[in-house]
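Asker: Take a look at query.txt, compact mmCIF, C-alpha atoms:
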# COMPACT_ATOMS: atom_id res chain seq x y z
CA MET L 27 -22.91 36.12 -7.27
CA THR L 28 -24.33 38.50 -4.68
CA THR L 29 -26.01 35.53 -3.00
CA ALA L 30 -22.65 33.76 -2.77
CA LEU L 31 -21.11 36.87 -1.20
CA GLU L 32 -23.96 37.15 1.31
CA GLN L 33 -23.70 33.48 2.25
CA GLY L 34 -19.92 33.72 2.51
CA LEU L 35 -20.21 36.58 5.01
CA ILE L 36 -22.89 34.84 7.09
CA TYR L 37 -20.92 31.57 7.16
CA ALA L 38 -17.80 33.60 8.02
CA ILE L 39 -19.16 33.64 11.58
CA VAL L 40 -18.93 29.83 11.55
CA ALA L 41 -15.37 30.08 10.25
CA LEU L 42 -14.43 32.50 13.05
CA GLY L 43 -15.82 30.04 15.59
CA VAL L 44 -13.88 27.16 14.04
CA TYR L 45 -10.78 29.39 14.00
CA LEU L 46 -10.97 29.76 17.79
CA THR L 47 -10.90 26.01 18.43
CA PHE L 48 -8.89 24.77 15.46
CA ARG L 49 -6.19 27.45 15.32
CA ILE L 50 -6.12 29.07 18.75
CA LEU L 51 -6.93 26.14 21.05
CA ASP L 52 -5.73 23.32 18.76
CA PHE L 53 -8.89 21.38 19.61
CA PRO L 54 -10.63 19.13 17.03
CA ASP L 55 -14.20 20.16 17.87
CA LEU L 56 -16.89 18.29 15.93
CA THR L 57 -19.66 19.77 18.07
CA VAL L 58 -20.02 22.35 15.29
CA ASP L 59 -22.25 20.12 13.15
CA GLY L 60 -24.80 19.93 15.97
CA SER L 61 -24.47 23.43 17.46
CA PHE L 62 -25.09 25.07 14.07
CA THR L 63 -28.44 23.29 13.77
CA LEU L 64 -29.16 23.95 17.44
CA GLY L 65 -28.81 27.70 16.88
CA ALA L 66 -31.10 27.51 13.87
CA ALA L 67 -33.65 25.35 15.72
CA VAL L 68 -33.84 27.56 18.82
CA THR L 69 -34.04 30.75 16.76
CA ALA L 70 -36.73 29.41 14.41
CA LYS L 71 -38.81 27.92 17.23
CA MET L 72 -38.79 31.16 19.24
CA ILE L 73 -39.71 33.27 16.20
CA ILE L 74 -42.60 30.95 15.29
CA ASP L 75 -43.80 31.10 18.89
CA GLY L 76 -43.99 34.90 18.64
CA GLY L 77 -40.66 35.85 20.13
CA SER L 78 -38.54 38.81 19.07
CA PRO L 79 -36.18 37.86 16.19
CA LEU L 80 -33.31 39.62 17.94
CA LEU L 81 -34.00 37.84 21.22
CA ALA L 82 -34.42 34.54 19.39
CA THR L 83 -31.05 34.98 17.67
CA ALA L 84 -29.42 35.77 21.02
CA ALA L 85 -31.04 32.66 22.50
CA GLY L 86 -29.59 30.61 19.65
CA PHE L 87 -26.16 32.00 20.52
CA GLY L 88 -26.67 31.07 24.18
CA ALA L 89 -27.78 27.55 23.29
CA GLY L 90 -24.63 27.09 21.22
CA MET L 91 -22.51 28.23 24.17
CA ILE L 92 -24.16 25.60 26.37
CA ALA L 93 -23.35 22.92 23.78
CA GLY L 94 -19.73 24.05 23.79
CA ILE L 95 -19.63 23.96 27.59
CA VAL L 96 -20.92 20.37 27.54
CA THR L 97 -18.12 19.34 25.19
CA GLY L 98 -15.62 21.19 27.35
CA LEU L 99 -16.81 19.50 30.53
CA LEU L 100 -16.73 16.05 28.90
CA HIS L 101 -13.14 16.69 27.84
CA THR L 102 -11.72 18.49 30.88
CA LYS L 103 -13.67 16.99 33.80
CA GLY L 104 -14.65 13.67 32.24
CA LYS L 105 -11.17 13.16 30.75
CA ILE L 106 -12.71 12.11 27.44
CA ASN L 107 -10.63 12.58 24.30
CA GLY L 108 -11.45 15.92 22.68
CA LEU L 109 -12.41 14.41 19.33
CA LEU L 110 -14.71 11.86 21.00
CA ALA L 111 -16.22 14.48 23.31
CA GLY L 112 -17.20 16.59 20.30
CA ILE L 113 -18.67 13.60 18.49
CA LEU L 114 -20.71 12.58 21.54
CA THR L 115 -22.16 16.08 21.92
CA MET L 116 -22.83 16.33 18.20
CA ILE L 117 -24.76 13.04 18.21
CA ALA L 118 -26.74 14.05 21.30
CA LEU L 119 -27.61 17.40 19.74
CA TYR L 120 -29.31 15.68 16.81
CA SER L 121 -32.02 14.41 19.15
CA VAL L 122 -32.05 17.68 21.10
CA ASN L 123 -32.62 19.63 17.89
CA LEU L 124 -35.55 17.41 16.92
CA ARG L 125 -36.99 17.95 20.41
CA VAL L 126 -36.63 21.72 20.07
CA MET L 127 -38.23 21.88 16.63
CA GLY L 128 -40.84 19.17 17.26
CA LYS L 129 -40.28 17.95 13.70
CA SER L 130 -37.47 17.81 11.19
CA ASN L 131 -38.20 21.14 9.49
CA LEU L 132 -39.56 24.54 10.51
CA SER L 133 -40.59 27.18 7.97
CA LEU L 134 -40.02 30.89 8.57
CA LEU L 135 -41.35 32.12 5.25
CA ARG L 136 -44.29 34.02 6.74
CA GLU L 137 -42.60 35.06 9.95
CA GLU L 138 -41.01 38.37 10.88
CA THR L 139 -37.24 37.82 11.05
CA LEU L 140 -34.10 39.93 11.13
CA ILE L 141 -33.90 39.49 7.35
CA SER L 142 -37.50 40.62 6.72
CA PRO L 143 -36.67 44.38 6.45
CA LEU L 144 -34.14 43.59 3.73
CA LYS L 145 -36.60 41.37 1.86
CA ASP L 146 -39.55 43.77 2.21
CA ASN L 147 -37.51 46.69 0.86
CA GLY L 148 -35.94 44.71 -1.97
CA LEU L 149 -32.45 45.10 -0.52
CA LEU L 150 -31.58 41.41 -0.27
CA GLY L 151 -29.08 40.47 -2.97
CA THR L 152 -27.84 44.05 -3.33
CA ALA L 153 -24.73 45.96 -2.30
CA THR L 154 -26.61 47.20 0.78
CA SER L 155 -27.23 43.71 2.16
CA ILE L 156 -23.62 42.72 1.42
CA MET L 157 -22.36 45.72 3.39
CA ILE L 158 -24.68 44.90 6.30
CA PHE L 159 -23.53 41.27 6.47
CA ALA L 160 -19.90 42.41 6.09
CA ALA L 161 -20.36 44.86 8.98
CA ILE L 162 -21.71 42.05 11.20
CA ALA L 163 -18.80 39.74 10.32
CA LEU L 164 -16.24 42.51 10.89
CA LEU L 165 -17.83 43.48 14.21
CA ILE L 166 -17.45 39.90 15.46
CA LYS L 167 -13.89 39.81 14.08
CA PHE L 168 -12.93 42.97 16.00
CA ILE L 169 -14.46 41.56 19.21
CA ILE L 170 -12.40 38.37 18.79
CA ASP L 171 -9.28 40.47 18.08
CA TRP L 172 -9.89 42.43 21.28
CA PHE L 173 -10.56 39.31 23.33
CA LEU L 174 -7.38 37.58 22.18
CA HIS L 175 -5.34 40.58 23.34
CA THR L 176 -6.77 40.53 26.86
CA ASP L 177 -5.04 38.61 29.66
CA LEU L 178 -7.72 35.92 29.40
CA GLY L 179 -7.29 35.72 25.63
CA LEU L 180 -3.52 35.40 25.98
CA ALA L 181 -4.07 32.57 28.47
CA VAL L 182 -6.29 30.82 25.92
CA GLN L 183 -3.61 31.20 23.25
CA ALA L 184 -0.95 29.88 25.60
CA THR L 185 -3.17 26.90 26.45
CA GLY L 186 -3.25 26.00 22.77
CA ASP L 187 0.50 26.54 22.39
CA ASN L 188 1.81 24.69 25.43
CA GLU L 189 -0.75 23.54 27.97
CA ASP L 190 1.77 22.11 30.45
CA MET L 191 3.83 25.28 30.46
CA ILE L 192 0.96 27.67 31.04
CA ARG L 193 -0.52 25.39 33.73
CA SER L 194 2.80 25.59 35.61
CA PHE L 195 2.25 29.37 35.74
CA GLY L 196 -1.01 28.85 37.65
CA VAL L 197 -3.45 29.22 34.75
CA ASN L 198 -6.52 26.96 34.90
CA THR L 199 -6.33 25.45 31.42
CA ASP L 200 -9.62 23.58 31.90
CA ASN L 201 -11.46 26.89 32.22
CA SER L 202 -9.63 28.25 29.17
CA LYS L 203 -10.75 25.27 27.08
CA ILE L 204 -14.35 25.40 28.28
CA LEU L 205 -14.55 29.15 27.63
CA THR L 206 -13.12 28.85 24.11
CA LEU L 207 -15.41 25.95 23.22
CA ALA L 208 -18.39 27.92 24.52
CA LEU L 209 -17.49 31.01 22.49
CA SER L 210 -16.76 28.97 19.38
CA ASN L 211 -20.02 27.05 19.43
CA GLY L 212 -21.93 30.18 20.40
CA LEU L 213 -20.68 31.86 17.22
CA VAL L 214 -21.49 28.78 15.16
CA ALA L 215 -25.02 28.70 16.58
CA LEU L 216 -25.40 32.44 15.95
CA SER L 217 -24.56 31.82 12.31
CA GLY L 218 -27.07 28.95 12.28
CA GLY L 219 -29.78 31.28 13.52
CA LEU L 220 -28.95 33.87 10.86
CA VAL L 221 -28.82 31.24 8.11
CA ALA L 222 -32.24 29.91 9.13
CA GLN L 223 -33.70 33.42 8.87
CA TYR L 224 -31.85 34.06 5.61
CA GLN L 225 -33.04 30.92 3.84
CA GLY L 226 -36.46 30.87 5.50
CA TYR L 227 -36.33 27.54 7.30
CA ALA L 228 -34.49 25.44 9.85
CA ASP L 229 -33.77 21.80 9.07
CA SER L 230 -32.44 19.02 11.27
CA GLY L 231 -29.80 18.15 8.68
CA MET L 232 -28.56 21.66 7.86
CA GLY L 233 -25.40 21.29 9.97
CA ILE L 234 -24.17 18.00 8.54
CA GLY L 235 -20.63 18.41 7.22
CA LEU L 236 -20.40 22.02 8.39
CA ILE L 237 -17.09 21.43 10.19
CA LEU L 238 -15.53 20.73 6.79
CA VAL L 239 -16.90 24.03 5.44
CA GLY L 240 -15.48 25.88 8.45
CA LEU L 241 -12.09 24.21 8.09
CA ALA L 242 -12.05 24.92 4.36
CA SER L 243 -12.67 28.62 5.01
CA VAL L 244 -9.99 28.86 7.71
CA ILE L 245 -7.32 26.91 5.84
CA LEU L 246 -8.05 28.46 2.44
CA GLY L 247 -8.11 32.00 3.80
CA GLN L 248 -4.94 31.70 5.84
CA ALA L 249 -3.08 29.87 3.06
CA ILE L 250 -3.78 32.73 0.64
CA PHE L 251 -3.97 35.84 2.82
CA GLY L 252 -1.58 34.87 5.67
CA SER L 253 -1.87 34.38 9.41
CA ARG L 254 1.08 36.14 11.00
CA HIS L 255 -0.92 38.65 13.05
CA ILE L 256 -4.25 38.29 14.80
CA PHE L 257 -5.79 41.10 12.77
CA VAL L 258 -4.72 39.54 9.46
CA SER L 259 -5.51 36.03 10.59
CA THR L 260 -9.16 36.70 11.48
CA LEU L 261 -9.61 38.84 8.38
CA ALA L 262 -8.21 35.98 6.27
CA VAL L 263 -10.81 33.65 7.82
CA ILE L 264 -13.63 35.95 6.67
CA LEU L 265 -12.13 36.29 3.19
CA GLY L 266 -11.61 32.52 3.07
CA SER L 267 -15.30 31.95 3.76
CA VAL L 268 -16.29 34.35 0.98
CA LEU L 269 -13.77 32.76 -1.39
CA TYR L 270 -15.10 29.30 -0.57
CA ARG L 271 -18.65 30.34 -1.43
CA LEU L 272 -17.47 31.92 -4.68
CA VAL L 273 -15.70 28.68 -5.63
CA ILE L 274 -18.91 26.75 -4.95
CA TYR L 275 -20.87 29.31 -6.97
CA PHE L 276 -18.61 29.04 -9.99
CA ALA L 277 -18.55 25.23 -9.70
CA LEU L 278 -22.35 25.15 -9.93
CA ASP L 279 -22.33 27.80 -12.64
CA ILE L 280 -20.16 25.69 -14.94
CA GLY L 281 -22.44 22.69 -14.52
CA PHE L 282 -21.27 20.64 -11.54
CA ASN L 283 -23.95 18.50 -9.89
CA PRO L 284 -25.09 19.95 -6.51
CA ASN L 285 -24.69 16.43 -5.09
CA ASP L 286 -20.93 16.81 -5.66
CA MET L 287 -20.58 19.81 -3.35
CA LYS L 288 -19.13 17.78 -0.47
CA LEU L 289 -16.56 16.32 -2.85
CA ILE L 290 -15.71 19.81 -4.11
CA THR L 291 -15.36 21.01 -0.51
CA ALA L 292 -12.93 18.19 0.24
CA VAL L 293 -10.92 19.07 -2.88
CA ILE L 294 -10.79 22.74 -1.79
CA VAL L 295 -9.42 21.73 1.61
CA VAL L 296 -6.78 19.50 0.01
CA ILE L 297 -5.74 22.33 -2.34
CA ALA L 298 -5.54 24.75 0.60
CA LEU L 299 -3.38 22.27 2.53
CA LEU L 300 -1.05 21.83 -0.43
CA LEU L 301 -0.94 25.52 -1.33
CA PRO L 302 1.70 26.49 1.29
CA GLN L 303 4.08 24.02 -0.37
CA TRP L 304 3.75 25.81 -3.70
CA ARG L 305 7.15 27.45 -4.20
CA PRO L 306 6.07 31.10 -4.73
CA VAL L 307 3.90 30.98 -1.59
CA LYS L 308 6.53 29.06 0.34
CA ASN L 309 9.19 31.63 -0.54
CA ARG L 310 6.88 34.49 0.45
CA LYS L 311 6.39 33.16 3.95
CA PRO L 312 9.25 32.82 6.43
CA GLN L 313 9.52 29.33 7.91
CA ARG L 314 8.89 29.10 11.61
CA PRO L 315 9.66 26.40 14.15
CA GLY L 316 6.68 24.08 14.50
CA ASP L 317 5.39 24.57 10.97
CA SER L 318 4.13 21.32 9.56
CA ILE L 319 4.89 20.21 6.04
CA SER L 320 1.54 21.49 4.87
CA GLY L 321 1.73 24.73 6.79
CA VAL L 322 -1.20 23.59 8.86
CA SER L 323 -0.60 21.94 12.20
CA ILE L 324 -3.32 19.39 12.70
CA GLY L 325 -3.02 17.48 15.94
CA SER L 326 0.28 19.14 16.85
CA ALA L 327 1.41 22.40 18.37
CA PRO L 328 -0.47 25.27 16.64
CA THR L 329 1.54 27.89 14.80
CA HIS L 330 0.01 31.10 16.03
CA TYR L 331 0.61 33.09 19.19
CA THR L 332 2.23 32.84 22.57
CA ALA L 333 1.41 34.65 25.78
CA GLY L 334 2.94 38.09 25.91
CA GLN L 335 3.63 38.19 22.18
CA GLU L 336 1.67 39.73 19.35
CA ALA L 337 2.20 36.76 17.08
CA ARG L 338 4.77 34.51 15.60
Starting from the coordinates I provided, produce the structure as structure tokens.
Answerer:
Amino acid sequence: MTTALEQGLIYAIVALGVYLTFRILDFPDLTVDGSFTLGAAVTAKMIIDGGSPLLATAAGFGAGMIAGIVTGLLHTKGKINGLLAGILTMIALYSVNLRVMGKSNLSLLREETLISPLKDNGLLGTATSIMIFAAIALLIKFIIDWFLHTDLGLAVQATGDNEDMIRSFGVNTDNSKILTLALSNGLVALSGGLVAQYQGYADSGMGIGLILVGLASVILGQAIFGSRHIFVSTLAVILGSVLYRLVIYFALDIGFNPNDMKLITAVIVVIALLLPQWRPVKNRKPQRPGDSISGVSIGSAPTHYTAGQEAR
């Protein structure tokens, strides 16, 4: 179970990235599947070439930001539909990742990584490693909380809420979208770099279906733990990621076939979408204008924050 907790906290960084685009910006970004692998590929390649693990991880984060910027430019300057822009970047990144790695798989088993001190001292899979990964996830959460309370962060929230309105106030919504996509994919790539070091390899297919995992974590966490305030909302995303990994762990533990994990993930998302309609949960939460029937606004106005307000 400790492995599931560790993985949940590492993948929580992916969920926080997906939260920025899916919940804050209301943007269906499928770049995630490619940027996660890109972060892993860049990090693994630099470590194998003798680079510092910390610098390699930072480079993976930067590469993910570039991928997000490309999607943002395709959407804002190229006037390409957001969903299609993400798909185009994701497809292109598959070839880019193979170019970076030089082959479909890179092994880090004998390389010095950020995880090596934990492995060498027998701390991986213990309470110490869980606290370290939790501290990293919480640090990123607090940075996101701070950012969303700045003037720039409020402009990003307002862009997701009502783009036409905030543009009439003189805000450049194109820049807001590009910045959010860059940050989101940077976080996803950062998680990819950490996952590659954690599991000891980077693979060209490791990001396939990751957007569903991120969505499952965001929706599941916010359906159970709430999303009324920024602080609670981002914390719920982290808890949702951990809960998702625990569900997968128990599913495997009771004998489910590992090949069924994508099906189980889809079922988890469906349950999380239906959960807000369950009467006890529905009665606990006050209804707000704009709430969809499932409590999750997909493809419509998001139900989070507005400029100048803490939350709604």
Asker: Point out the residue among L:Gln33, L:Thr63, L:Thr154, L:Thr47 with the least atom-to-atom distance to Gly233 in chain L, counting all atoms listed in the file.
Answerer: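 Of the candidates, the smallest distance to Gly233 in chain L is held by L:Thr63.
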Asker: Figure out the distance between CA of Phe53 in chain L and CA of Gly98 in chain L, please, to one decimal in Å.
Answerer: 10.3 Å
Asker: Which distance in Å separates CA of Phe87 in chain L and CA of Leu220 in chain L, to one decimal?
Answerer: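 Between these atoms lies a distance of 10.2 Å.
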Asker: Which residue out of L:Asp229, L:Glu189, L:Asp75, L:Glu32 has the minimum interatomic distance to Ser130 in chain L when all atoms listed in the file are used?
Answerer: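 Going through L:Asp229, L:Glu189, L:Asp75, L:Glu32 one by one, the smallest distance to Ser130 in chain L is for L:Asp229.
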Asker: For the atom pair CA of Val197 in chain L and CA of His101 in chain L, what is the interatomic distance in Å to one decimal place?
Answerer: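 Going from CA of Val197 in chain L over to CA of His101 in chain L covers 17.3 Å.
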Asker: Closest to Leu56 in chain L among L:Gly266, L:Gly240, L:Gly128, L:Gly226, using all atoms listed in the file?
Answerer: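 Of all the options, L:Gly240 lies closest to Leu56 in chain L.
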